[in-house]
Amino acid sequence: MDSYYYLGAQLPYLTYEQTIPMSSAEFIALAKGLMKSKKSSLLDQCTLEPNPLSEEDSEEDSKKKAKRTSSDFINRWRVWEYALRFNLAKGRAKKLQRGSEDMAEPAENPADAALVAKNALDMESSLEAEMYLDRARWNTIESFVGGGTFSESAMYAYLLKLRLMERKAMFNTEEGFTEYKRLYAAILGEAK
């Protein structure tokens with residue numbers, strides 16, 4: 001197992017509540033210089049999408065089960081995230097009384113992912129539900145990496161956490177309300 005003491009030691013500790021200390025792009029640039037090329041190439045697979053499409057993939061490929069990598073951590077993350085999204089889609093379809101046949105049933109469906117989806121769907125506020133989902137993602141990432149701070153898995157987890165922090169930063173209430181008013185005015189304008 002490779003050790004990433006030098007890289008891990010210079011990274012600031014992350015908590016979900018703090019402001020983001022660096023962008024995911026800055027982390028990738030730093031990590032690619034310090035990780036072996038085979039391991040650093042997997043940084044591109046550390047996304048919040050369970051099946052990120054490459055240029056040669058088709059849309060149909062994205063509906064298949066989570067693609068395997070050489071990293072157990074990334075594979076576990078993808079399985080969990082795919083199951084979460086599946087259960088969210090299934091729950092939304094049930095609420096709208098529509099079918100959810102277009103999404104492939106996950107090969108593995110962790111019970112905690114299904115519970116997180118159910119809890120999020122029961123929330124009144126969309127923003128509250130999104131924040132709950134991201135907090136659950138954060139906790140899942142931490143549980144998958146365990147206590148190893150200086151492992152390749154810890155580096156992948158760090159990148160995923162940065163991506164969650166970037167996503168959270170986009171949930172700015174003031175900007176969201178401004179965008180809502182703009183969209184509402186546009187809809188009213190089209191209706192006239």
# chains A, B, ... in the order shown; residues from 1 in each chain; ligands from 1
call {"tool": "residues_around", "arguments": {"residues": "A:Trp138", "least_positions_apart": "2", "cutoff": "12 Å", "atoms": "only C-alpha atoms", "output": "NGL selection string"}}
result
:A and (14-17 or 48 or 77 or 80-81 or 131-136 or 140-145 or 157-165 or 167-168)
call {"tool": "atom_distance", "arguments": {"atom1": "atom CA of A:Glu152", "atom2": "atom CA of A:Phe73"}}
result
8.9 Å
call {"tool": "closest_residue", "arguments": {"among": "A:Leu11, A:Met123, A:Leu42, A:Ala117", "to": "A:Phe27", "atoms": "only C-alpha atoms"}}
result
A:Leu11
call {"tool": "closest_residue", "arguments": {"among": "A:Lys118, A:Arg68, A:Arg98, A:Lys181", "to": "A:Arg85", "atoms": "only C-alpha atoms"}}
result
A:Lys118
call {"tool": "decode", "arguments": {"residues": "stretch 22-131 of chain A", "atoms": "C-alpha atoms", "output": "short mmCIF file (atom, residue, chain, number, x, y, z; two decimals), in the first residue's frame"}}
result
data_model
loop_
_atom_site.label_atom_id
_atom_site.label_comp_id
_atom_site.auth_asym_id
_atom_site.auth_seq_id
_atom_site.Cartn_x
_atom_site.Cartn_y
_atom_site.Cartn_z
CA MET A 22 -8.86 25.21 -1.78
CA SER A 23 -10.68 24.26 -4.95
CA SER A 24 -10.87 20.69 -6.18
CA ALA A 25 -8.80 21.79 -9.20
CA GLU A 26 -6.05 23.12 -6.91
CA PHE A 27 -6.06 19.86 -4.95
CA ILE A 28 -5.84 17.79 -8.13
CA ALA A 29 -2.86 19.85 -9.35
CA LEU A 30 -1.11 19.34 -6.01
CA ALA A 31 -1.95 15.64 -5.74
CA LYS A 32 -1.00 14.75 -9.31
CA GLY A 33 2.49 16.05 -8.61
CA LEU A 34 2.85 13.84 -5.52
CA MET A 35 0.95 10.66 -6.38
CA LYS A 36 2.03 7.87 -8.69
CA SER A 37 0.53 8.41 -12.15
CA LYS A 38 -1.63 5.27 -12.04
CA LYS A 39 -3.14 6.33 -8.70
CA SER A 40 -3.42 10.02 -9.61
CA SER A 41 -5.30 9.16 -12.81
CA LEU A 42 -8.10 7.88 -10.57
CA LEU A 43 -8.60 11.41 -9.23
CA ASP A 44 -10.64 12.03 -12.37
CA GLN A 45 -12.97 9.25 -11.24
CA CYS A 46 -13.65 10.95 -7.89
CA THR A 47 -16.85 12.74 -8.75
CA LEU A 48 -20.26 13.23 -7.22
CA GLU A 49 -21.68 11.40 -10.25
CA PRO A 50 -21.74 7.62 -9.77
CA ASN A 51 -21.05 6.99 -13.48
CA PRO A 52 -19.11 9.91 -14.93
CA LEU A 53 -19.17 9.73 -18.73
CA SER A 54 -15.94 9.77 -20.64
CA GLU A 55 -15.77 11.07 -24.20
CA GLU A 56 -16.22 7.58 -25.67
CA ASP A 57 -19.25 6.70 -23.52
CA SER A 58 -22.81 7.04 -24.73
CA GLU A 59 -25.84 8.18 -22.73
CA GLU A 60 -26.90 4.53 -22.54
CA ASP A 61 -23.61 3.76 -20.76
CA SER A 62 -24.55 6.17 -17.97
CA LYS A 63 -27.60 4.06 -17.12
CA LYS A 64 -25.54 0.96 -16.45
CA LYS A 65 -24.35 -0.03 -12.99
CA ALA A 66 -21.49 1.87 -11.39
CA LYS A 67 -18.29 1.25 -13.33
CA ARG A 68 -15.44 -0.52 -11.53
CA THR A 69 -12.04 1.04 -10.96
CA SER A 70 -8.90 -0.31 -9.35
CA SER A 71 -9.78 1.54 -6.11
CA ASP A 72 -12.05 -0.20 -3.61
CA PHE A 73 -12.83 3.18 -2.05
CA ILE A 74 -14.03 4.72 -5.34
CA ASN A 75 -16.01 1.57 -6.15
CA ARG A 76 -17.78 1.62 -2.77
CA TRP A 77 -18.51 5.33 -3.18
CA ARG A 78 -20.00 4.82 -6.64
CA VAL A 79 -22.19 1.93 -5.52
CA TRP A 80 -23.49 3.97 -2.58
CA GLU A 81 -24.13 7.13 -4.64
CA TYR A 82 -25.83 5.15 -7.40
CA ALA A 83 -28.09 3.46 -4.84
CA LEU A 84 -28.90 6.84 -3.27
CA ARG A 85 -29.85 8.32 -6.64
CA PHE A 86 -31.85 5.26 -7.57
CA ASN A 87 -33.84 5.43 -4.35
CA LEU A 88 -34.39 9.18 -4.76
CA ALA A 89 -35.66 8.67 -8.34
CA LYS A 90 -37.85 5.76 -7.27
CA GLY A 91 -39.31 7.78 -4.38
CA ARG A 92 -39.95 10.83 -6.55
CA ALA A 93 -41.60 8.70 -9.22
CA LYS A 94 -43.82 7.11 -6.58
CA LYS A 95 -44.85 10.55 -5.26
CA LEU A 96 -45.67 11.69 -8.80
CA GLN A 97 -47.35 8.36 -9.58
CA ARG A 98 -44.99 7.69 -12.49
CA GLY A 99 -42.80 4.74 -13.35
CA SER A 100 -39.07 4.64 -12.64
CA GLU A 101 -38.19 2.02 -15.23
CA ASP A 102 -35.57 4.14 -17.02
CA MET A 103 -33.08 3.72 -14.15
CA ALA A 104 -31.38 0.36 -13.75
CA GLU A 105 -31.90 -1.35 -10.39
CA PRO A 106 -28.59 -1.22 -8.52
CA ALA A 107 -26.75 -4.52 -8.15
CA GLU A 108 -26.07 -3.49 -4.55
CA ASN A 109 -28.52 -1.31 -2.63
CA PRO A 110 -27.05 -0.33 0.74
CA ALA A 111 -29.82 0.09 3.32
CA ASP A 112 -28.36 3.35 4.58
CA ALA A 113 -28.54 4.88 1.07
CA ALA A 114 -32.22 3.93 0.84
CA LEU A 115 -32.90 5.41 4.29
CA VAL A 116 -31.10 8.66 3.42
CA ALA A 117 -33.19 8.97 0.24
CA LYS A 118 -36.43 8.32 2.15
CA ASN A 119 -35.57 10.92 4.80
CA ALA A 120 -34.65 13.52 2.17
CA LEU A 121 -37.89 12.95 0.27
CA ASP A 122 -39.88 13.50 3.46
CA MET A 123 -38.42 16.99 3.98
CA GLU A 124 -40.52 20.06 3.17
CA SER A 125 -37.67 22.31 2.06
CA SER A 126 -35.70 21.41 -1.08
CA LEU A 127 -32.65 23.27 0.21
CA GLU A 128 -32.87 21.45 3.55
CA ALA A 129 -33.13 18.12 1.70
CA GLU A 130 -30.10 18.91 -0.47
CA MET A 131 -28.05 19.91 2.57
#
